[in-house]
$ cat input.txt   # compact mmCIF, C-alpha atoms and all ligand atoms
# COMPACT_ATOMS: atom_id res chain seq x y z
CA VAL A 1 145.86 104.62 104.91
CA THR A 2 144.16 106.67 107.60
CA PRO A 3 141.99 104.52 109.83
CA PRO A 4 138.40 105.67 110.24
CA GLY A 5 137.64 107.39 113.49
CA ASP A 6 141.04 109.09 113.64
CA ASP A 7 140.36 112.10 115.84
CA ALA A 8 142.47 114.35 113.66
CA HIS A 9 139.79 114.03 111.00
CA ASN A 10 136.72 114.35 113.18
CA GLU A 11 136.62 118.09 113.12
CA GLY A 12 133.49 119.27 111.36
CA ALA A 13 131.95 115.81 111.39
CA VAL A 14 128.95 116.98 113.39
CA ALA A 15 126.77 119.76 112.04
CA ALA A 16 125.06 122.32 114.27
CA LEU A 17 121.45 121.47 115.02
CA ASP A 18 120.19 124.32 112.87
CA ALA A 19 122.56 123.53 109.97
CA LYS A 20 121.12 123.91 106.52
CA GLY A 21 121.84 121.57 103.64
CA ARG A 22 120.50 118.54 101.83
CA VAL A 23 119.34 115.87 104.29
CA LEU A 24 119.47 112.17 103.48
CA THR A 25 117.98 109.36 105.49
CA GLY A 26 116.88 105.80 104.76
CA PHE A 27 114.62 103.24 106.38
CA ARG A 28 114.96 99.45 106.15
CA PRO A 29 111.65 97.75 105.27
CA THR A 30 111.93 95.00 107.86
CA GLY A 31 108.35 95.03 109.17
CA PRO A 32 105.75 97.14 110.94
CA LEU A 33 106.73 100.52 112.37
CA HIS A 34 106.69 100.66 116.15
CA VAL A 35 106.57 103.49 118.67
CA GLY A 36 110.39 103.46 118.93
CA HIS A 37 110.74 104.10 115.18
CA TRP A 38 108.06 106.76 115.37
CA PHE A 39 109.79 108.93 117.97
CA GLY A 40 113.33 107.91 116.98
CA ASN A 41 113.12 108.51 113.22
CA VAL A 42 109.75 109.25 111.71
CA MET A 43 108.93 112.44 113.64
CA ASN A 44 112.41 113.69 112.85
CA MET A 45 111.83 113.12 109.14
CA VAL A 46 108.54 114.99 109.30
CA ARG A 47 110.22 117.89 111.12
CA LEU A 48 113.27 118.08 108.86
CA GLN A 49 111.23 118.29 105.66
CA GLU A 50 109.84 121.62 106.91
CA ASP A 51 113.05 123.56 106.46
CA HIS A 52 115.48 121.30 104.59
CA GLU A 53 115.77 119.83 101.15
CA ALA A 54 115.19 116.21 102.08
CA PHE A 55 115.89 112.90 100.35
CA TYR A 56 114.21 109.93 102.04
CA PHE A 57 114.53 106.42 100.73
CA ILE A 58 113.37 102.91 101.48
CA ALA A 59 116.52 100.86 101.91
CA ASP A 60 115.41 97.56 100.40
CA TRP A 61 118.91 96.50 99.28
CA HIS A 62 120.16 97.13 102.81
CA MET A 63 117.59 94.71 104.09
CA LEU A 64 119.18 91.98 101.97
CA THR A 65 122.42 92.18 103.94
CA THR A 66 120.75 90.27 106.76
CA HIS A 67 117.44 89.10 105.21
CA TYR A 68 118.56 87.86 101.78
CA ASP A 69 116.52 84.71 102.31
CA ARG A 70 113.27 86.61 102.84
CA THR A 71 112.83 88.49 99.60
CA ALA A 72 109.22 87.34 99.26
CA GLU A 73 108.35 89.72 102.12
CA LEU A 74 110.00 92.70 100.45
CA PRO A 75 107.26 94.06 98.13
CA GLY A 76 104.67 94.01 100.91
CA ASN A 77 107.06 95.55 103.44
CA VAL A 78 108.14 98.30 101.03
CA ARG A 79 104.56 99.18 100.18
CA SER A 80 103.54 99.17 103.80
CA LEU A 81 106.46 101.33 104.91
CA ALA A 82 105.86 103.84 102.13
CA LEU A 83 102.23 104.24 103.16
CA ASP A 84 103.10 104.36 106.87
CA LEU A 85 105.58 107.18 106.30
CA VAL A 86 103.16 109.15 104.15
CA ALA A 87 100.33 108.67 106.66
CA ALA A 88 102.72 109.82 109.40
CA GLY A 89 103.31 113.10 107.56
CA VAL A 90 106.22 112.58 105.16
CA ASP A 91 105.10 114.67 102.21
CA PRO A 92 106.20 113.23 98.83
CA SER A 93 105.47 116.54 97.11
CA ARG A 94 107.98 118.21 99.41
CA VAL A 95 110.72 115.61 99.71
CA THR A 96 112.34 113.23 97.25
CA PHE A 97 111.00 109.90 98.43
CA TYR A 98 112.23 106.82 96.58
CA ARG A 99 113.16 103.15 96.77
CA GLN A 100 116.88 102.39 96.85
CA SER A 101 116.68 99.53 94.32
CA ASP A 102 114.98 101.83 91.79
CA VAL A 103 118.31 103.63 91.48
CA LYS A 104 120.51 101.03 89.81
CA GLU A 105 123.48 103.40 89.83
CA VAL A 106 123.66 102.74 93.58
CA ALA A 107 125.02 99.29 92.69
CA GLU A 108 127.50 100.78 90.22
CA LEU A 109 128.86 103.33 92.69
CA SER A 110 128.97 100.68 95.39
CA LEU A 111 131.25 98.58 93.21
CA LEU A 112 133.47 101.59 92.50
CA LEU A 113 133.75 102.71 96.13
CA GLY A 114 134.37 99.08 97.08
CA MET A 115 137.54 99.22 94.99
CA ILE A 116 139.06 101.94 97.15
CA THR A 117 137.79 100.92 100.59
CA PRO A 118 140.42 99.03 102.59
CA LEU A 119 139.14 95.74 103.95
CA GLY A 120 140.56 96.53 107.38
CA TRP A 121 138.28 99.56 107.73
CA LEU A 122 135.21 97.38 107.20
CA GLU A 123 136.39 94.52 109.40
CA ARG A 124 136.91 96.91 112.29
CA VAL A 125 133.35 98.28 112.24
CA PRO A 126 131.89 97.20 115.62
CA THR A 127 128.36 96.71 114.25
CA TYR A 128 129.68 94.14 111.75
CA LYS A 129 131.00 91.94 114.55
CA GLU A 130 127.86 92.59 116.64
CA ARG A 131 125.61 91.51 113.79
CA LEU A 132 127.62 88.36 113.21
CA ARG A 133 127.33 87.55 116.90
CA ASP A 134 123.64 88.47 117.27
CA MET A 135 122.67 86.55 114.16
CA ALA A 136 124.94 83.56 114.78
CA GLU A 137 122.10 81.15 114.02
CA ARG A 138 121.73 82.65 110.53
CA ASP A 139 124.30 82.63 107.78
CA VAL A 140 125.04 86.34 107.39
CA ALA A 141 128.84 86.37 107.18
CA ASN A 142 128.66 87.57 103.59
CA LEU A 143 130.30 90.25 101.49
CA GLY A 144 127.06 92.25 101.51
CA LEU A 145 127.05 92.64 105.29
CA LEU A 146 130.75 93.45 105.42
CA GLY A 147 130.25 96.06 102.69
CA TYR A 148 127.23 97.63 104.38
CA PRO A 149 129.14 100.86 105.21
CA VAL A 150 130.15 101.20 101.54
CA LEU A 151 126.53 100.93 100.44
CA GLN A 152 125.60 103.48 103.09
CA THR A 153 128.26 105.85 101.78
CA VAL A 154 126.84 105.41 98.29
CA ASP A 155 123.30 106.20 99.47
CA ILE A 156 124.54 109.50 100.85
CA THR A 157 127.01 110.55 98.20
CA ILE A 158 125.01 109.56 95.13
CA VAL A 159 122.45 112.27 95.94
CA ARG A 160 125.10 114.64 97.30
CA GLY A 161 123.65 114.38 100.80
CA GLU A 162 125.24 116.88 103.17
CA LEU A 163 123.52 116.11 106.46
CA VAL A 164 122.66 112.70 107.84
CA PRO A 165 120.41 112.64 110.91
CA VAL A 166 121.93 110.24 113.44
CA GLY A 167 121.91 109.61 117.15
CA GLU A 168 125.06 110.33 119.14
CA ASP A 169 126.05 106.65 119.12
CA GLN A 170 126.06 106.57 115.31
CA VAL A 171 128.42 109.46 114.62
CA SER A 172 131.32 107.01 114.25
CA HIS A 173 129.45 105.14 111.48
CA LEU A 174 129.25 108.33 109.51
CA GLU A 175 132.93 108.95 110.10
CA LEU A 176 133.70 105.85 108.03
CA SER A 177 131.63 107.27 105.16
CA ARG A 178 133.56 110.51 105.45
CA GLU A 179 136.84 108.57 105.29
CA ILE A 180 135.74 106.71 102.17
CA VAL A 181 134.75 110.00 100.52
CA ARG A 182 138.07 111.60 101.44
CA ARG A 183 139.96 108.63 100.05
CA PHE A 184 137.98 108.75 96.82
CA ASN A 185 138.54 112.49 96.46
CA ARG A 186 142.28 112.12 97.15
CA HIS A 187 142.54 109.65 94.28
CA TYR A 188 140.23 111.22 91.73
CA GLY A 189 139.74 114.89 92.65
CA ASP A 190 137.08 116.74 94.55
CA VAL A 191 134.03 114.88 93.30
CA LEU A 192 132.07 113.53 96.25
CA VAL A 193 130.54 115.61 99.03
CA GLU A 194 131.70 114.81 102.57
CA PRO A 195 128.56 114.38 104.68
CA ARG A 196 128.14 115.59 108.25
CA ALA A 197 126.11 114.13 111.08
CA LEU A 198 123.02 116.03 112.11
CA LEU A 199 122.61 115.01 115.72
CA SER A 200 118.99 114.26 116.36
CA LYS A 201 117.50 114.25 119.82
CA ALA A 202 115.61 110.99 119.87
CA PRO A 203 114.05 109.98 123.16
CA SER A 204 114.90 106.52 124.34
CA VAL A 205 111.72 104.45 124.01
CA PRO A 206 111.47 101.40 126.26
CA GLY A 207 109.53 98.28 125.32
CA SER A 208 107.37 96.03 127.46
CA ASP A 209 110.38 94.43 129.18
CA GLY A 210 112.03 97.77 129.95
CA ARG A 211 114.74 97.27 127.30
CA LYS A 212 114.93 99.45 124.21
CA MET A 213 111.85 98.89 122.05
CA SER A 214 112.86 96.58 119.22
CA LYS A 215 111.16 94.13 116.92
CA SER A 216 113.81 91.50 117.58
CA LEU A 217 113.08 91.66 121.33
CA ASP A 218 109.36 91.23 120.72
CA ASN A 219 108.56 94.08 123.12
CA THR A 220 106.97 96.63 120.78
CA ILE A 221 103.76 98.57 120.43
CA ASP A 222 103.25 98.97 116.68
CA VAL A 223 101.85 102.20 115.31
CA ARG A 224 99.18 100.31 113.37
CA ASP A 225 98.07 98.19 116.32
CA ASP A 226 94.34 98.44 116.91
CA GLU A 227 92.87 99.54 120.21
CA ASP A 228 92.64 96.02 121.65
CA ALA A 229 96.26 95.24 120.78
CA ILE A 230 97.46 98.53 122.28
CA ARG A 231 95.59 97.89 125.55
CA ARG A 232 96.79 94.30 125.74
CA LYS A 233 100.41 95.28 125.08
CA VAL A 234 100.37 98.18 127.56
CA ARG A 235 98.98 95.80 130.23
CA SER A 236 101.93 93.46 129.58
CA PHE A 237 104.55 96.12 130.42
CA ILE A 238 106.69 95.66 133.50
CA THR A 239 106.46 98.42 136.13
CA ASP A 240 108.37 99.26 139.29
CA PRO A 241 108.76 95.81 140.92
CA GLN A 242 108.66 97.40 144.40
CA LYS A 243 105.15 98.71 143.81
CA VAL A 244 103.18 95.59 144.59
CA ARG A 245 100.10 96.61 146.58
CA LEU A 246 97.81 99.59 146.33
CA GLY A 247 99.35 102.34 148.42
CA ASP A 248 102.95 101.22 147.79
CA PRO A 249 104.97 104.24 146.59
CA GLY A 250 106.44 103.82 143.11
CA ARG A 251 109.58 105.04 141.34
CA PRO A 252 108.46 106.50 138.02
CA GLU A 253 112.05 107.09 136.91
CA ILE A 254 112.60 103.33 136.51
CA CYS A 255 109.18 102.52 135.05
CA PRO A 256 108.79 102.12 131.25
CA ILE A 257 105.11 103.07 131.53
CA PHE A 258 106.12 106.44 132.92
CA ALA A 259 108.69 106.89 130.14
CA LEU A 260 105.89 106.40 127.60
CA HIS A 261 103.68 108.85 129.51
CA GLY A 262 106.48 111.32 128.78
CA LEU A 263 105.80 110.88 125.07
CA PHE A 264 102.02 110.54 125.00
CA SER A 265 100.57 112.20 128.10
CA PRO A 266 101.67 115.81 128.57
CA ASP A 267 98.28 116.52 130.20
CA ILE A 268 98.81 114.08 133.11
CA TYR A 269 102.57 113.68 133.17
CA GLU A 270 103.21 115.55 136.43
CA TRP A 271 100.04 114.23 138.02
CA THR A 272 101.17 110.67 137.22
CA GLU A 273 104.59 111.26 138.74
CA GLU A 274 103.14 112.70 141.97
CA ASN A 275 100.51 110.02 142.38
CA CYS A 276 102.91 107.20 141.55
CA ARG A 277 105.37 108.44 144.17
CA SER A 278 102.71 108.90 146.82
CA GLY A 279 101.29 105.44 146.13
CA ALA A 280 97.83 106.79 145.36
CA LEU A 281 97.89 105.67 141.73
CA PRO A 282 97.46 101.95 141.03
CA CYS A 283 99.58 100.65 138.13
CA VAL A 284 96.46 99.22 136.47
CA GLU A 285 94.90 102.68 136.32
CA CYS A 286 98.18 104.26 135.21
CA LYS A 287 98.44 101.77 132.34
CA GLY A 288 94.82 102.39 131.38
CA ASN A 289 95.53 106.13 131.21
CA LEU A 290 98.52 105.50 128.97
CA ALA A 291 96.62 103.13 126.66
CA ASP A 292 93.83 105.77 126.28
CA ARG A 293 96.38 108.32 125.17
CA ILE A 294 98.24 106.04 122.77
CA VAL A 295 94.95 105.05 121.14
CA ALA A 296 93.93 108.71 120.78
CA TYR A 297 97.38 109.79 119.58
CA TYR A 298 97.46 107.31 116.70
CA ALA A 299 93.78 107.64 115.71
CA PRO A 300 94.38 110.33 113.02
CA PHE A 301 97.36 108.38 111.67
CA ARG A 302 95.32 105.19 111.45
CA GLU A 303 92.52 107.04 109.68
CA ARG A 304 94.93 108.43 107.06
CA ARG A 305 96.58 105.02 106.72
CA ASP A 306 93.22 103.26 106.16
CA GLU A 307 92.35 105.89 103.56
CA LEU A 308 95.64 105.21 101.71
CA ASP A 309 94.98 101.48 101.88
CA ARG A 310 91.81 101.96 99.86
CA THR A 311 93.95 102.83 96.84
CA PRO A 312 96.74 100.22 97.04
CA GLU A 313 98.47 101.41 93.89
CA VAL A 314 99.27 104.76 95.50
CA ALA A 315 102.52 103.46 97.06
CA GLU A 316 103.94 102.49 93.66
CA THR A 317 102.82 105.81 92.17
CA ILE A 318 104.56 107.76 94.95
CA LEU A 319 107.78 105.73 94.62
CA ALA A 320 107.76 106.06 90.81
CA GLU A 321 107.48 109.83 91.15
CA GLY A 322 110.35 109.75 93.64
CA GLN A 323 112.45 107.71 91.23
CA ALA A 324 111.87 110.28 88.50
CA LYS A 325 112.85 113.11 90.88
CA VAL A 326 116.04 111.52 92.16
CA ARG A 327 117.22 110.58 88.66
CA ALA A 328 118.62 113.98 87.68
CA VAL A 329 120.82 114.27 90.79
CA VAL A 330 122.05 110.69 90.48
CA GLU A 331 122.93 111.05 86.81
CA ASP A 332 124.83 114.21 87.57
CA THR A 333 126.88 112.54 90.33
CA MET A 334 127.61 109.45 88.23
CA LYS A 335 128.72 111.52 85.27
CA ALA A 336 131.22 113.28 87.52
CA VAL A 337 132.38 110.00 89.11
CA ARG A 338 132.84 108.18 85.79
CA GLY A 339 134.63 111.19 84.34
CA ALA A 340 136.97 111.51 87.32
CA MET A 341 137.81 107.79 87.15
CA SER A 342 138.28 107.87 83.36
CA LEU A 343 135.48 105.34 82.91
CA GLY A 344 133.05 105.24 80.06
S1 LIG B 401 101.95 103.94 138.90
FE1 LIG B 401 102.48 104.12 136.74
S2 LIG B 401 104.48 105.08 136.69
FE2 LIG B 401 104.15 104.28 138.78
S3 LIG B 401 105.10 102.26 138.76
FE3 LIG B 401 102.91 102.00 138.30
S4 LIG B 401 102.79 102.04 136.08
FE4 LIG B 401 104.79 102.86 136.66
$ encode --input "input.txt" --output "structure tokens"
Amino acid sequence: VTPPGDDAHNEGAVAALDAKGRVLTGFRPTGPLHVGHWFGNVMNMVRLQEDHEAFYFIADWHMLTTHYDRTAELPGNVRSLALDLVAAGVDPSRVTFYRQSDVKEVAELSLLLGMITPLGWLERVPTYKERLRDMAERDVANLGLLGYPVLQTVDITIVRGELVPVGEDQVSHLELSREIVRRFNRHYGDVLVEPRALLSKAPSVPGSDGRKMSKSLDNTIDVRDDEDAIRRKVRSFITDPQKVRLGDPGRPEICPIFALHGLFSPDIYEWTEENCRSGALPCVECKGNLADRIVAYYAPFRERRDELDRTPEVAETILAEGQAKVRAVVEDTMKAVRGAMSLG
């Protein structure tokens, strides 16, 4: 049994940035989208749909691996995420956009791939141990969480996904999927497609405490926050602690407000840097400038989102159309899998 991550097998794991092929990416419906999601994932999805065949799905079964006790939140979260993504620019007429649990064959293939995935591979996945540690107060040491990488492999292979957009730190996760595919193909013939990582350049987005923006750290600005909430949250951000009085020079490179200016304020980015360093710019004014730009940036999104909210059934309609579109590919893959495994 070859352990995942063996360097001898890494060759070809990462696709060139301009690689062509079918792209697959999923999103867990765990709550409101924040600015970190927006620049880390959503904008990438909108860009990739321009020149790739894209399959995007809402990973509601994945959410159960850690939130199995909160299923009452799921329908609302799924609906909300679907509308957020569409308002952000994901175009359901262009991509195949569906809900994971609408494709019941995902569960079937997950069972089958589970049969050939060595337990040791799953137990060694660092994120498994991290999750167990981070969620120690909750009872998540379950088979579902351990088998998360198998379910992920199914998501990709069931639609014959070739490219999976990931950050550099996630390439090793995909390597496990590649190992599972190789093991399956060794046993049953060349049936499943080995996916490659499409390295995406996601800026690091700091939250109000300077750490990575994350819902669990309660340091986010959400993309559907109204103007008051945006201004209040921006005011709560830490800045350079050495810049205390007006006239004190600041260090923009360590300030999360300046990092966000890099995303929202191309018009005053250099000006902000100069005037922070010289001490001429008070942090209060700098934060006000940023809040103005975040409010303006998300105004068209919020308008489209409000429009979609006026017809609440639209999310289900979009996902039903996605389910119909993904069906043909899934049936094709499952026919090949069942045939190769001599199953009925
Ligand atoms: S002036 Fe702006 S960039 Fe400089 S420390 Fe204050 S908030 Fe940060």
$ residues_around --input "input.txt" --residues "range 181-183 of chain A" --least-positions-apart "4" --cutoff "8 Å" --atoms "only C-alpha atoms" --output "ChimeraX atom specification"
/A:116,153,177,187,192-194
$ residues_around --input "input.txt" --residues "Gly36 in chain A" --least-positions-apart "5" --cutoff "12 Å" --atoms "all atoms listed in the file" --output "ChimeraX atom specification"
/A:41-43,202-208,211-215,219-223,259-260,263
$ residues_around --input "input.txt" --residues "Thr157 in chain A" --least-positions-apart "3" --cutoff "12 Å" --atoms "all atoms listed in the file" --output "PyMOL selection string"
chain A and resi 22-25+55+105-106+109-110+113+150-154+160-164+174+177-178+180-182+184-185+191-196+329-330+332-334+336-337
$ atom_distance --input "input.txt" --atom1 "CA of Arg327 in chain A" --atom2 "CA of Pro118 in chain A"
29.4 Å
$ closest_residue --input "input.txt" --among "A:Ala291, A:Val78, A:Ala87, A:Leu217" --to "Ala229 in chain A" --atoms "all atoms listed in the file"
A:Ala291
$ residues_near_ligand --input "input.txt" --ligand "ligand LIG 401 (chain B)" --cutoff "7 Å" --atoms "all atoms listed in the file" --output "number ranges by chain"
A: 239-240, 243, 250-252, 255-258, 272-273, 276-277, 281-284, 286-287
$ closest_residue --input "input.txt" --among "A:Asp155, A:Asp306, A:Asp69, A:Glu316" --to "Val140 in chain A" --atoms "only C-alpha atoms"
A:Asp69
$ atom_distance --input "input.txt" --atom1 "CA of Asp209 in chain A" --atom2 "CA of Leu85 in chain A"
26.6 Å
$ residues_around --input "input.txt" --residues "Ala320 in chain A" --least-positions-apart "5" --cutoff "9 Å" --atoms "only C-alpha atoms" --output "PyMOL selection string"
chain A and resi 98-99+102+315+325
$ atom_distance --input "input.txt" --atom1 "CA of Val35 in chain A" --atom2 "CA of Ala197 in chain A"
23.5 Å
$ closest_residue --input "input.txt" --among "A:Glu168, A:Asp267, A:Glu321, A:Glu253" --to "Asn289 in chain A" --atoms "all atoms listed in the file"
A:Asp267
$ closest_residue --input "input.txt" --among "A:Ala82, A:Leu343, A:Ala328, A:Val46" --to "Val159 in chain A" --atoms "all atoms listed in the file"
A:Ala328
$ residues_near_point --input "input.txt" --point "(102.1, 105.9, 94.8)" --cutoff "12 Å" --atoms "only C-alpha atoms" --output "VMD selection string"
chain A and resid 78 to 83 86 91 to 93 97 to 99 308 to 309 311 to 323
$ write_last_selection --input "input.txt" --atoms "C-alpha atoms" --output "PDB file, in the coordinates of the input"
ATOM      1  CA  VAL A  78     108.140  98.300 101.030  1.00  0.00           C
ATOM      2  CA  ARG A  79     104.560  99.180 100.180  1.00  0.00           C
ATOM      3  CA  SER A  80     103.540  99.170 103.800  1.00  0.00           C
ATOM      4  CA  LEU A  81     106.460 101.330 104.910  1.00  0.00           C
ATOM      5  CA  ALA A  82     105.860 103.840 102.130  1.00  0.00           C
ATOM      6  CA  LEU A  83     102.230 104.240 103.160  1.00  0.00           C
ATOM      7  CA  VAL A  86     103.160 109.150 104.150  1.00  0.00           C
ATOM      8  CA  ASP A  91     105.100 114.670 102.210  1.00  0.00           C
ATOM      9  CA  PRO A  92     106.200 113.230  98.830  1.00  0.00           C
ATOM     10  CA  SER A  93     105.470 116.540  97.110  1.00  0.00           C
ATOM     11  CA  PHE A  97     111.000 109.900  98.430  1.00  0.00           C
ATOM     12  CA  TYR A  98     112.230 106.820  96.580  1.00  0.00           C
ATOM     13  CA  ARG A  99     113.160 103.150  96.770  1.00  0.00           C
ATOM     14  CA  LEU A 308      95.640 105.210 101.710  1.00  0.00           C
ATOM     15  CA  ASP A 309      94.980 101.480 101.880  1.00  0.00           C
ATOM     16  CA  THR A 311      93.950 102.830  96.840  1.00  0.00           C
ATOM     17  CA  PRO A 312      96.740 100.220  97.040  1.00  0.00           C
ATOM     18  CA  GLU A 313      98.470 101.410  93.890  1.00  0.00           C
ATOM     19  CA  VAL A 314      99.270 104.760  95.500  1.00  0.00           C
ATOM     20  CA  ALA A 315     102.520 103.460  97.060  1.00  0.00           C
ATOM     21  CA  GLU A 316     103.940 102.490  93.660  1.00  0.00           C
ATOM     22  CA  THR A 317     102.820 105.810  92.170  1.00  0.00           C
ATOM     23  CA  ILE A 318     104.560 107.760  94.950  1.00  0.00           C
ATOM     24  CA  LEU A 319     107.780 105.730  94.620  1.00  0.00           C
ATOM     25  CA  ALA A 320     107.760 106.060  90.810  1.00  0.00           C
ATOM     26  CA  GLU A 321     107.480 109.830  91.150  1.00  0.00           C
ATOM     27  CA  GLY A 322     110.350 109.750  93.640  1.00  0.00           C
ATOM     28  CA  GLN A 323     112.450 107.710  91.230  1.00  0.00           C
TER      29      GLN A 323
END
$ closest_residue --input "input.txt" --among "A:Glu270, A:Ser265, A:Asp84, A:Leu119" --to "Arg304 in chain A" --atoms "all atoms listed in the file"
A:Asp84
$ closest_residue --input "input.txt" --among "A:Pro249, A:Gly40, A:Gly288, A:Gly26" --to "Glu274 in chain A" --atoms "only C-alpha atoms"
A:Pro249
